[in-house]
Amino acid sequence: MIGGKKVGIDLGTCSVLVIVSGKGIVLREPSVIARHVETKEVLAVGTEARKMVGRTPGSIVTVSPLVEGVINDFEVTEIMLRYFLRKSLGQALVFKPTLLLCVPAVVTSVERRAVLHAGLAAGGRKVYLIEEPLAAALGAGIDITAPKGHMVVDIGGGTTDIAVLSLNGIVTGLSTRVGGNAFDDAIIRYMRREYTLYIGESTAEQVKIAVGSAHPEANEDTRFEVRGRDAITGLPRSVTVSSADIRAALRESLELITHAIRQVLDRTPPELLGDIIDKGIVLTGGGALLKGITQLIRDDTGLPVHVAEDPVSCVARGTMVALENFDLYREHIESLTG
């Protein structure tokens, strides 16, 4: 068992969620910081930094320290983690907490060590890592203690983690570096190609939320006005796009996810496949909120598909389940002590 203050962190490409023992989820903010280009002074972190994206002068840069679920900038990640821990715990950070951070299943051993060291540098006394699909299953309330198969697809900002779980562990799994950010990038490319309109990441995300869908059954042919810069004249211009447009923009990225799901099913033992046929696939992560994603996966696999309750928070909640039941999941957790 682990004593002292326990903190679980979903260290995501798009956002960071912090859950504290006895309090629940206490923080949910974008994983972005803004700093001065020359002095390196940190000007804003999280929500305030997100407001600056695409709107800063040349002297200020906004940085996302995580790319596709892994640390791209160690120093910035440490700054961001320390800030979020202080904001979550206040003066309690004087007494170093035990941290459990989530990482995609696809990360290398070097990338895992980078996350562990970032947690120690940010103020953790002991730092543990758990793979996101295992945390997602625990946070979704799935009982994986029995010899029964459960399939979880966690669609995050930078990666999609797919796993079949049984007896408190991952039997087979796969990660693909396609997620919510890839959806935004696909919309940006589509607008440039089809409408010669340049748009930014924030606008692409707005379009995705407003009219994005993965399947024609998801919604009627809704429309949305998109504002950007004309690629030819350089002047401001707006166009109206339909849900069918954005579905076409997302098709390739979604096909990569469904292909990965089929690969995992193909490698799953037949006995566990029978359980999955009965129980279906559980979706977690922000990408699970994309309209029509359940219908798309259902049609592609022939299996029932369900979205977990509050799918964005599943991984964070799962970290606390793992910390509170540490002995059950010890062999699936990597650690480092400062």
# chains A, B, ... in the order shown; residues from 1 in each chain; ligands from 1

call {"tool": "select_by_dssp", "arguments": {"residues": "range 55-213 of chain A", "states": "strand (DSSP E)", "output": "NGL selection string"}}
result
:A and (60-63 or 66-67 or 70-71 or 98-103 or 126-131 or 150-155 or 160-166 or 169-176 or 197-198)

call {"tool": "closest_residue", "arguments": {"among": "A:Ala248, A:Leu197, A:Ala163, A:Val241", "to": "Gln263 in chain A", "atoms": "only C-alpha atoms"}}
result
A:Ala163

call {"tool": "select_by_dssp", "arguments": {"residues": "range 218-316 of chain A", "states": "alpha helix (DSSP H)", "output": "count of residues only"}}
result
46

call {"tool": "residues_around", "arguments": {"residues": "Ser335 in chain A", "least_positions_apart": "4", "cutoff": "10 Å", "atoms": "only C-alpha atoms", "output": "ChimeraX atom specification"}}
result
/A:99-100,112-113,116,126-130,330

call {"tool": "atom_distance", "arguments": {"atom1": "CA of Arg267 in chain A", "atom2": "CA of Val321 in chain A"}}
result
27.8 Å

call {"tool": "residues_around", "arguments": {"residues": "Asp221 in chain A", "least_positions_apart": "3", "cutoff": "8 Å", "atoms": "only C-alpha atoms", "output": "ChimeraX atom specification"}}
result
/A:242-244

call {"tool": "write_last_selection", "arguments": {"atoms": "C-alpha atoms", "output": "compact mmCIF listing (two decimals), in the first residue's frame"}}
result
# COMPACT_ATOMS: atom_id res chain seq x y z
CA SER A 242 -21.48 21.01 -43.81
CA SER A 243 -21.19 17.98 -41.57
CA ALA A 244 -20.64 15.94 -44.76

call {"tool": "residues_around", "arguments": {"residues": "range 77-87 of chain A", "least_positions_apart": "6", "cutoff": "8 Å", "atoms": "only C-alpha atoms", "output": "PyMOL selection string"}}
result
chain A and resi 18+27+31-33+45-46+65-66+71+93+118-119+121-123

call {"tool": "closest_residue", "arguments": {"among": "A:Arg229, A:Arg177, A:Lys96, A:Arg125", "to": "Gly69 in chain A", "atoms": "only C-alpha atoms"}}
result
A:Arg177
